[in-house]
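Peer 1: I am attaching a structure below and will ask some questions about it afterwards.
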Amino acid sequence: MPFIPKYALRMTEEEYFEYEALVDRPNEYAYDVVYMRHGKNANHNIISTNVGVLLGMSLKNQSDLAVLGSQIRVWLSPVNTFRFPDVLVTKWQPDLYKDRDDCIMNPIMLVEIVSPETALIDRQDKLHEYLSTPSVMDYLLISEDDCCVEHYSRHDSDDWLYRIRTDIDDEIYISSIDCTLLLSIIYSNSDIYDE
């Protein structure tokens with residue numbers, strides 16, 4: 001059962017997109033409810049930027065892939081939700097939802113920077129939504145408070161492998177995009193690891 005706030009703002013998908021056109025800050029939409037996105041602190045932004053840059057540099061010779069940031073919405077068809085992952089990798093050119101250039105339908109890898117405020121949704125609702133989406137091959141949950149990276153990777157149809165790394169000298173290999181991420185780079189200049 002998804003987490004739905006007591007005073008949820010309920011609306012249809014059409015009303016959601018009309019509402020989004022009027023507000024300054026994008027919101028997520030799931031289960032006919034609009035979810036305000038939580039504010040992001042400096043540590044969150046440092047980690048997110050590090051991951052985006054690291055992925056971009058690692059994939060620079062793979063012209064069929066694109067690394068995108070948290071202003072791009074993904075539509076998760078199995079559950080009809082719209083989320084804003086902190087970082088994502090998709091095929092270039094991505095499939096667009098109803099020709100909206102701010103909403104893609106075929107992410108390959110999704111990354112969430114986990115805070116105490118987002119942990120429940122990131123580890124339950126989004127985990128279910130992301131792993132139910134056929135194009136998604138990898139989901140990373142990166143803690144903003146301590147050195148911890150959780151990696152879900154799809155293998156053979158719908159079997160998922162879970163790995164967790166907690167040492168700053170660890171690395172995570174992402175086979176779907178042939179990329180290795182070093183935790184020391186992910187957490188570089190953050191409160192967790194300042195070389």
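Lettering and numbering for the structure tokens are positional, with chains as A, B, ... in the shown order, residues counted from 1 in each chain, and ligands counted from 1 in the shown order.
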Leaving out A:Ser153 and any residue of its chain fewer than 3 positions from it, which residues lie within 6 Å of it when counting only C-alpha atoms, given as a PDB file with N, CA and C atoms, in the first residue's frame?
Peer 2:
ATOM      1  N   MET A 137      16.629  -0.954 -15.545  1.00  0.00           N
ATOM      2  CA  MET A 137      17.575  -2.040 -15.306  1.00  0.00           C
ATOM      3  C   MET A 137      18.301  -1.883 -13.970  1.00  0.00           C
ATOM      4  N   ASP A 138      18.399  -0.636 -13.479  1.00  0.00           N
ATOM      5  CA  ASP A 138      19.123  -0.384 -12.230  1.00  0.00           C
ATOM      6  C   ASP A 138      18.446   0.716 -11.432  1.00  0.00           C
ATOM      7  N   TRP A 160      15.724  -9.671  -9.579  1.00  0.00           N
ATOM      8  CA  TRP A 160      16.522  -8.518  -9.178  1.00  0.00           C
ATOM      9  C   TRP A 160      17.589  -8.941  -8.184  1.00  0.00           C
ATOM     10  N   LEU A 161      18.774  -8.388  -8.359  1.00  0.00           N
ATOM     11  CA  LEU A 161      19.889  -8.615  -7.437  1.00  0.00           C
ATOM     12  C   LEU A 161      20.056  -7.357  -6.594  1.00  0.00           C
TER      13      LEU A 161
END
Peer 1: Go through stretch 41-159 of chain A residue by residue and, counting only C-alpha atoms, keep those with an atom at most 10 Å from stretch 174-185 of chain A; for each kept residue give the shortest atom pair and its distance in Å to one decimal, ordered by chain and increasing number, as CSV.
Peer 2:
residue,atom,partner,partner_atom,distance
A:Ile47,CA,A:Ile185,CA,8.8
A:Asn50,CA,A:Ile185,CA,6.8
A:Val51,CA,A:Ile185,CA,7.9
A:Val53,CA,A:Ile185,CA,9.8
A:Leu54,CA,A:Leu181,CA,7.3
A:Leu55,CA,A:Cys179,CA,7.6
A:Met57,CA,A:Cys179,CA,9.9
A:Ser58,CA,A:Cys179,CA,6.3
A:Leu59,CA,A:Cys179,CA,7.4
A:Gln62,CA,A:Ile177,CA,8.7
A:Leu65,CA,A:Ile177,CA,8.4
A:Val89,CA,A:Ile177,CA,8.7
A:Thr90,CA,A:Ile177,CA,9.8
A:Ile108,CA,A:Ser176,CA,7.9
A:Met109,CA,A:Ser176,CA,8.4
A:Val136,CA,A:Ser176,CA,9.6
A:Met137,CA,A:Ser176,CA,6.5
A:Asp138,CA,A:Ile174,CA,7.5
A:Tyr139,CA,A:Ile174,CA,9.9
A:Leu140,CA,A:Ile174,CA,9.9
A:Ile142,CA,A:Leu183,CA,9.7
A:Cys147,CA,A:Leu183,CA,7.8
A:Cys148,CA,A:Leu183,CA,8.5
A:Val149,CA,A:Leu183,CA,7.9
A:His151,CA,A:Ile174,CA,8.8
A:Tyr152,CA,A:Ile174,CA,9.7
A:Ser153,CA,A:Ile174,CA,7.8
A:Arg154,CA,A:Ser176,CA,8.7
A:His155,CA,A:Ser176,CA,9.7
Peer 1: For the residues in the current selection, export C-alpha atoms as a PDB file, in the first residue's frame.
Peer 2:
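Here's the written file part-v1.pdb:
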ATOM      1  CA  ILE A  47      26.102  13.946  -4.036  1.00  0.00           C
ATOM      2  CA  ASN A  50      28.826  14.037  -8.273  1.00  0.00           C
ATOM      3  CA  VAL A  51      26.737  11.108  -9.510  1.00  0.00           C
ATOM      4  CA  VAL A  53      29.077  14.137 -13.506  1.00  0.00           C
ATOM      5  CA  LEU A  54      30.549  10.689 -12.842  1.00  0.00           C
ATOM      6  CA  LEU A  55      27.909   9.020 -15.013  1.00  0.00           C
ATOM      7  CA  MET A  57      32.057  11.196 -17.875  1.00  0.00           C
ATOM      8  CA  SER A  58      31.774   7.402 -17.788  1.00  0.00           C
ATOM      9  CA  LEU A  59      29.216   7.355 -20.595  1.00  0.00           C
ATOM     10  CA  GLN A  62      28.178   5.884 -25.433  1.00  0.00           C
ATOM     11  CA  LEU A  65      22.750   7.155 -23.669  1.00  0.00           C
ATOM     12  CA  VAL A  89      20.090   7.472 -17.474  1.00  0.00           C
ATOM     13  CA  THR A  90      17.979   6.930 -20.577  1.00  0.00           C
ATOM     14  CA  ILE A 108      17.299   2.649 -17.867  1.00  0.00           C
ATOM     15  CA  MET A 109      18.760   3.664 -14.514  1.00  0.00           C
ATOM     16  CA  VAL A 136      14.467   0.103 -15.711  1.00  0.00           C
ATOM     17  CA  MET A 137      17.575  -2.040 -15.306  1.00  0.00           C
ATOM     18  CA  ASP A 138      19.123  -0.384 -12.230  1.00  0.00           C
ATOM     19  CA  TYR A 139      17.964   1.565  -9.198  1.00  0.00           C
ATOM     20  CA  LEU A 140      20.457   3.210  -6.836  1.00  0.00           C
ATOM     21  CA  ILE A 142      22.372   6.740  -2.088  1.00  0.00           C
ATOM     22  CA  CYS A 147      28.296   6.140   3.346  1.00  0.00           C
ATOM     23  CA  CYS A 148      25.716   3.714   2.003  1.00  0.00           C
ATOM     24  CA  VAL A 149      24.760   2.892  -1.590  1.00  0.00           C
ATOM     25  CA  HIS A 151      21.917  -1.130  -5.812  1.00  0.00           C
ATOM     26  CA  TYR A 152      19.055  -3.076  -7.348  1.00  0.00           C
ATOM     27  CA  SER A 153      19.937  -4.559 -10.747  1.00  0.00           C
ATOM     28  CA  ARG A 154      17.670  -6.534 -13.076  1.00  0.00           C
ATOM     29  CA  HIS A 155      18.833  -9.961 -14.186  1.00  0.00           C
TER      30      HIS A 155
END
Peer 1: Could you give me, as a PyMOL selection string, each residue of stretch 43-127 of chain A that DSSP assigns to strand (DSSP E) when run on this structure's backbone?
Peer 2: chain A and resi 65-69+73-76+81-83+87-91+103-104+107-114
Peer 1: Would you mind listing what lies within 9 Å of A:Lys91 as number ranges by chain, with only C-alpha atoms counted and same-chain residues fewer than 2 positions away left out?
Peer 2: A: 63-67, 89, 93-95, 106-108
Peer 1: Quick one: residues within 6 Å of stretch 68-80 of chain A, only C-alpha atoms counted, chain neighbours fewer than 6 positions away excluded, as a count of residues only?
Peer 2: 7
Peer 1: Please report the interatomic distance between atom CA of A:Asn27 and atom CA of A:Lys40 in Å with one decimal.
Peer 2: 13.7 Å
Peer 1: Would you mind reading off the distance between atom CA of A:Tyr193 and atom CA of A:Arg123, one decimal, in Å?
Peer 2: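 Separating atom CA of A:Tyr193 from atom CA of A:Arg123 is a distance of 23.6 Å.
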Peer 1: Any idea what the distance is between atom CA of A:Asp99 and atom CA of A:Asp122?
Peer 2: 27.2 Å
Peer 1: Pick out the closest residue to A:Leu127 from this set: A:Arg83, A:Arg10, A:Arg100, A:Arg165. Count only C-alpha atoms.
Peer 2: A:Arg83
Peer 1: For A:Met36, which of A:Thr118, A:Ser157, A:Ser190, A:Thr133 is the closest residue, counting only C-alpha atoms?
Peer 2: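 Under the stated criterion, the closest residue is A:Thr118.
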Peer 1: Counting only C-alpha atoms, which of A:Asp191, A:Asp125, A:Glu117, A:Glu150 gets nearest to A:Tyr29?
Peer 2: A:Asp125
Peer 1: Return the single residue from A:Val114, A:Val33, A:Val23, A:Ile168 that is closest to A:Ser143, with distances computed using only C-alpha atoms.
Peer 2: A:Val114
